[in-house]
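Before any comments, here is the structure.
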Amino acid sequence: MSLTKALTFLAVVVLASAANRRTPEEARQIALRVLESVPLVDGHNDLAMNIRQLADGKLSNVDLSQNLTDNPFWQGCNNCHTDIPRLRAGMVGAQFWSAYTGCRTQYLDSAQWTIDIIDIIKRFTTRHSADFKFVTTAQGIWDAFNEGKIGSLIGVEGGHSIDNRISVLRQFYDLGVRYMTLNHVCNTPWCDSSPVDDPESGIAPNLNGLSDFGVVCDKKKINQKPSGLD
């Protein structure tokens, strides 16, 4: 079964459950059977960012095989909810780990910070290889799932991370990155962010959308050299 078919099947089961007005326990049992059969893919997780910010990127300070609730490095963090026990309890089949650096790094060292986060992700997936398997394809997700492991992928959060260079985007791909959001909450020279639509954000549009560079969407265009940007 393809990943698309699996997700479609899951959606059908959920809708059918609601339509038939099953009891919560009956719906739960159906959900459990589905999750045992197809991988649930979470599209975004900031664990790597938290390891960088709270534990200085040192994996020795965080044992992901243990519940981190009482870990001193996690105290006071209201978005630190990830460790292996909780991923297993939630029956997560695959996880996109976010390689994120804040907008303050734009025009400075955003690419380097992003590479640092990618490095953290690769290190903890290797360190906990009994539970994680680094993958880059839909088939890889299935392979990990069939091995009883959590398929681990990388997504870059925010186009500012490429420092206006398609060459950096290509290198991110070679490092295993499989998606990049166009923006976080800041405009880039080639793409306006969503806060420009909110009059109260104080962020004004630069382009009213995408520049020609931002429209790059296929291999032929990526191999061209956008004027003034790379």
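If you're wondering about the labels, chains in the structure tokens are A, B, ... by order shown, residues count from 1 in each chain, ligands from 1 in order shown.
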
For stretch 59-72 of chain A: contacts at 12 Å, only C-alpha atoms, fewer than 4 positions along chain excluded, given as JSON, numbers by chain: {"A": [47, 48, 50, 51, 52, 53, 54, 55, 76, 77, 78, 79, 80, 81, 82, 83, 84, 85, 86, 87, 88, 89, 119, 120, 121, 122, 123, 124, 125, 126, 127, 128, 129, 130, 131, 132]}

Secondary structure check, strand (DSSP E) residues of stretch 51-144 of chain A, as a ChimeraX atom specification: /A:92-100,132-134

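Across the model, the gap from atom CA of A:Ser37 to atom CA of A:Gly155 is 24.9 Å.
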
Which residues are close to A:Gly158, i.e. within 7 Å by only C-alpha atoms, leaving aside same-chain residues fewer than 4 positions away? Reply as a CSV table (one decimal) with all heavy atoms, in the first residue's frame.
chain,number,residue,atom,x,y,z
A,180,MET,N,11.1,22.2,2.5
A,180,MET,CA,11.5,23.5,3.1
A,180,MET,C,10.2,24.4,2.9
A,180,MET,O,9.7,24.6,1.8
A,180,MET,CB,12.7,24.1,2.4
A,180,MET,CG,13.1,25.5,3.0
A,180,MET,SD,14.4,26.3,2.1
A,180,MET,CE,13.5,26.9,0.7
A,181,THR,N,9.8,25.0,4.0
A,181,THR,CA,8.7,26.0,3.9
A,181,THR,C,9.3,27.3,3.3
A,181,THR,O,10.4,27.6,3.6
A,181,THR,CB,8.1,26.3,5.3
A,181,THR,OG1,9.1,26.9,6.2
A,181,THR,CG2,7.6,25.0,5.9
A,182,LEU,N,8.5,28.0,2.6
A,182,LEU,CA,9.0,29.2,1.9
A,182,LEU,C,9.4,30.2,2.9
A,182,LEU,O,10.3,31.0,2.7
A,182,LEU,CB,7.9,29.8,1.0
A,182,LEU,CG,7.5,28.9,-0.2
A,182,LEU,CD1,6.5,29.6,-1.1
A,182,LEU,CD2,8.8,28.6,-1.1
A,183,ASN,N,8.6,30.3,4.0
A,183,ASN,CA,8.9,31.4,5.0
A,183,ASN,C,8.7,30.8,6.4
A,183,ASN,O,8.0,29.7,6.6
A,183,ASN,CB,8.0,32.6,4.9
A,183,ASN,CG,8.2,33.3,3.6
A,183,ASN,OD1,7.5,33.0,2.6
A,183,ASN,ND2,9.1,34.3,3.6
A,184,HIS,N,9.1,31.6,7.4
A,184,HIS,CA,8.7,31.4,8.8
A,184,HIS,C,7.8,32.6,9.0
A,184,HIS,O,6.7,32.6,8.6
A,184,HIS,CB,9.8,31.2,9.8
A,184,HIS,CG,9.4,30.9,11.1
A,184,HIS,ND1,9.6,31.7,12.2
A,184,HIS,CD2,8.7,29.8,11.6
A,184,HIS,CE1,9.0,31.2,13.3
A,184,HIS,NE2,8.5,30.0,13.0

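The list of residues with at least one atom within 8 Å of A:Leu210, based on only C-alpha atoms and without residues fewer than 4 positions apart in the same chain, reads Trp190, Cys191, Asp192, Gly214 and Val215 of chain A.
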
Contacts of A:Gln171 at 12 Å (only C-alpha atoms; same-chain gap of 6+ positions) as a list of chain:residue names: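 Listing them by chain and then by number gives A:Ala111, A:Gln112, A:Thr114, A:Ile115, A:Ile118, A:Ser161, A:Ile162, A:Arg165, A:Val177, A:Arg178.
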
Selected residues, all heavy atoms, written as a PDB file, in the first residue's frame, please.
ATOM      1  N   ALA A 111      22.305  29.761   7.255  1.00  0.00           N
ATOM      2  CA  ALA A 111      22.643  28.465   6.664  1.00  0.00           C
ATOM      3  C   ALA A 111      23.459  27.632   7.635  1.00  0.00           C
ATOM      4  O   ALA A 111      23.235  26.421   7.782  1.00  0.00           O
ATOM      5  CB  ALA A 111      23.394  28.668   5.353  1.00  0.00           C
ATOM      6  N   GLN A 112      24.418  28.259   8.312  1.00  0.00           N
ATOM      7  CA  GLN A 112      25.255  27.520   9.258  1.00  0.00           C
ATOM      8  C   GLN A 112      24.442  26.996  10.437  1.00  0.00           C
ATOM      9  O   GLN A 112      24.607  25.847  10.858  1.00  0.00           O
ATOM     10  CB  GLN A 112      26.390  28.412   9.780  1.00  0.00           C
ATOM     11  CG  GLN A 112      27.330  27.709  10.756  1.00  0.00           C
ATOM     12  CD  GLN A 112      27.978  26.481  10.154  1.00  0.00           C
ATOM     13  OE1 GLN A 112      28.653  26.596   9.132  1.00  0.00           O
ATOM     14  NE2 GLN A 112      27.766  25.317  10.750  1.00  0.00           N
ATOM     15  N   THR A 114      21.326  26.277  10.423  1.00  0.00           N
ATOM     16  CA  THR A 114      20.475  25.192   9.930  1.00  0.00           C
ATOM     17  C   THR A 114      21.269  23.899   9.809  1.00  0.00           C
ATOM     18  O   THR A 114      20.775  22.815  10.167  1.00  0.00           O
ATOM     19  CB  THR A 114      19.856  25.569   8.574  1.00  0.00           C
ATOM     20  OG1 THR A 114      19.144  26.808   8.713  1.00  0.00           O
ATOM     21  CG2 THR A 114      18.898  24.494   8.086  1.00  0.00           C
ATOM     22  N   ILE A 115      22.496  23.996   9.325  1.00  0.00           N
ATOM     23  CA  ILE A 115      23.353  22.809   9.239  1.00  0.00           C
ATOM     24  C   ILE A 115      23.632  22.239  10.630  1.00  0.00           C
ATOM     25  O   ILE A 115      23.660  21.016  10.823  1.00  0.00           O
ATOM     26  CB  ILE A 115      24.664  23.148   8.509  1.00  0.00           C
ATOM     27  CG1 ILE A 115      24.376  23.389   7.029  1.00  0.00           C
ATOM     28  CG2 ILE A 115      25.682  22.019   8.661  1.00  0.00           C
ATOM     29  CD1 ILE A 115      25.566  23.886   6.242  1.00  0.00           C
ATOM     30  N   ILE A 118      20.620  20.229  11.505  1.00  0.00           N
ATOM     31  CA  ILE A 118      20.626  18.982  10.733  1.00  0.00           C
ATOM     32  C   ILE A 118      21.597  17.993  11.370  1.00  0.00           C
ATOM     33  O   ILE A 118      21.299  16.789  11.486  1.00  0.00           O
ATOM     34  CB  ILE A 118      21.004  19.263   9.267  1.00  0.00           C
ATOM     35  CG1 ILE A 118      19.886  20.037   8.569  1.00  0.00           C
ATOM     36  CG2 ILE A 118      21.292  17.955   8.512  1.00  0.00           C
ATOM     37  CD1 ILE A 118      20.240  20.536   7.171  1.00  0.00           C
ATOM     38  N   SER A 161      16.673  30.186   5.552  1.00  0.00           N
ATOM     39  CA  SER A 161      17.792  29.289   5.853  1.00  0.00           C
ATOM     40  C   SER A 161      18.729  29.075   4.675  1.00  0.00           C
ATOM     41  O   SER A 161      19.885  28.685   4.868  1.00  0.00           O
ATOM     42  CB  SER A 161      17.267  27.935   6.336  1.00  0.00           C
ATOM     43  OG  SER A 161      16.777  28.018   7.650  1.00  0.00           O
ATOM     44  N   ILE A 162      18.254  29.287   3.447  1.00  0.00           N
ATOM     45  CA  ILE A 162      19.128  29.023   2.301  1.00  0.00           C
ATOM     46  C   ILE A 162      19.981  30.227   1.924  1.00  0.00           C
ATOM     47  O   ILE A 162      20.788  30.142   0.991  1.00  0.00           O
ATOM     48  CB  ILE A 162      18.341  28.531   1.066  1.00  0.00           C
ATOM     49  CG1 ILE A 162      17.427  29.635   0.509  1.00  0.00           C
ATOM     50  CG2 ILE A 162      17.570  27.266   1.382  1.00  0.00           C
ATOM     51  CD1 ILE A 162      16.805  29.273  -0.844  1.00  0.00           C
ATOM     52  N   ARG A 165      20.367  31.357  -1.786  1.00  0.00           N
ATOM     53  CA  ARG A 165      21.213  30.611  -2.709  1.00  0.00           C
ATOM     54  C   ARG A 165      20.617  29.242  -3.010  1.00  0.00           C
ATOM     55  O   ARG A 165      20.408  28.434  -2.110  1.00  0.00           O
ATOM     56  CB  ARG A 165      22.625  30.434  -2.131  1.00  0.00           C
ATOM     57  CG  ARG A 165      23.435  31.718  -2.080  1.00  0.00           C
ATOM     58  CD  ARG A 165      24.781  31.492  -1.429  1.00  0.00           C
ATOM     59  NE  ARG A 165      25.636  32.652  -1.578  1.00  0.00           N
ATOM     60  CZ  ARG A 165      25.599  33.717  -0.783  1.00  0.00           C
ATOM     61  NH1 ARG A 165      24.715  33.766   0.197  1.00  0.00           N
ATOM     62  NH2 ARG A 165      26.414  34.727  -0.985  1.00  0.00           N
ATOM     63  N   VAL A 177      17.486  16.689   3.567  1.00  0.00           N
ATOM     64  CA  VAL A 177      16.291  17.525   3.745  1.00  0.00           C
ATOM     65  C   VAL A 177      15.289  17.203   2.637  1.00  0.00           C
ATOM     66  O   VAL A 177      15.658  17.120   1.467  1.00  0.00           O
ATOM     67  CB  VAL A 177      16.659  19.018   3.707  1.00  0.00           C
ATOM     68  CG1 VAL A 177      15.406  19.889   3.719  1.00  0.00           C
ATOM     69  CG2 VAL A 177      17.568  19.371   4.876  1.00  0.00           C
ATOM     70  N   ARG A 178      14.020  17.054   3.016  1.00  0.00           N
ATOM     71  CA  ARG A 178      13.016  16.701   2.019  1.00  0.00           C
ATOM     72  C   ARG A 178      11.852  17.673   1.922  1.00  0.00           C
ATOM     73  O   ARG A 178      10.939  17.492   1.131  1.00  0.00           O
ATOM     74  CB  ARG A 178      12.509  15.269   2.266  1.00  0.00           C
ATOM     75  CG  ARG A 178      13.538  14.207   1.871  1.00  0.00           C
ATOM     76  CD  ARG A 178      13.891  14.330   0.401  1.00  0.00           C
ATOM     77  NE  ARG A 178      14.900  13.368  -0.038  1.00  0.00           N
ATOM     78  CZ  ARG A 178      16.203  13.612  -0.068  1.00  0.00           C
ATOM     79  NH1 ARG A 178      16.671  14.799   0.319  1.00  0.00           N
ATOM     80  NH2 ARG A 178      17.048  12.700  -0.487  1.00  0.00           N
TER      81      ARG A 178
END

Who sits within 10 Å of A:Ala94, only C-alpha atoms, same chain under 2 positions skipped, as a ChimeraX atom specification: /A:39-43,87,91-92,96-97,132-135,138,140-142,144-145,149-153

Helix (DSSP H, G or I) positions in stretch 54-147 of chain A, given as JSON, numbers by chain: {"A": [54, 55, 59, 60, 61, 68, 69, 70, 72, 73, 74, 84, 85, 86, 87, 88, 89, 103, 104, 105, 110, 111, 112, 113, 114, 115, 116, 117, 118, 119, 120, 121, 122, 123, 124, 125, 126, 127, 138, 139, 140, 141, 142, 143, 144, 145, 146]}

Nearest residue to A:Ser98 from the set A:Gln29, A:Asn45, A:Ser194, A:Asn206 (distances using only C-alpha atoms):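 For A:Ser98, the nearest of the given residues is A:Asn45.
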
Residue among A:Gln139, A:Gln95, A:Asn164, A:Pro24 lying closest to A:Asp109, counting only C-alpha atoms: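 Checking each candidate against A:Asp109, we get A:Asn164 as the closest.
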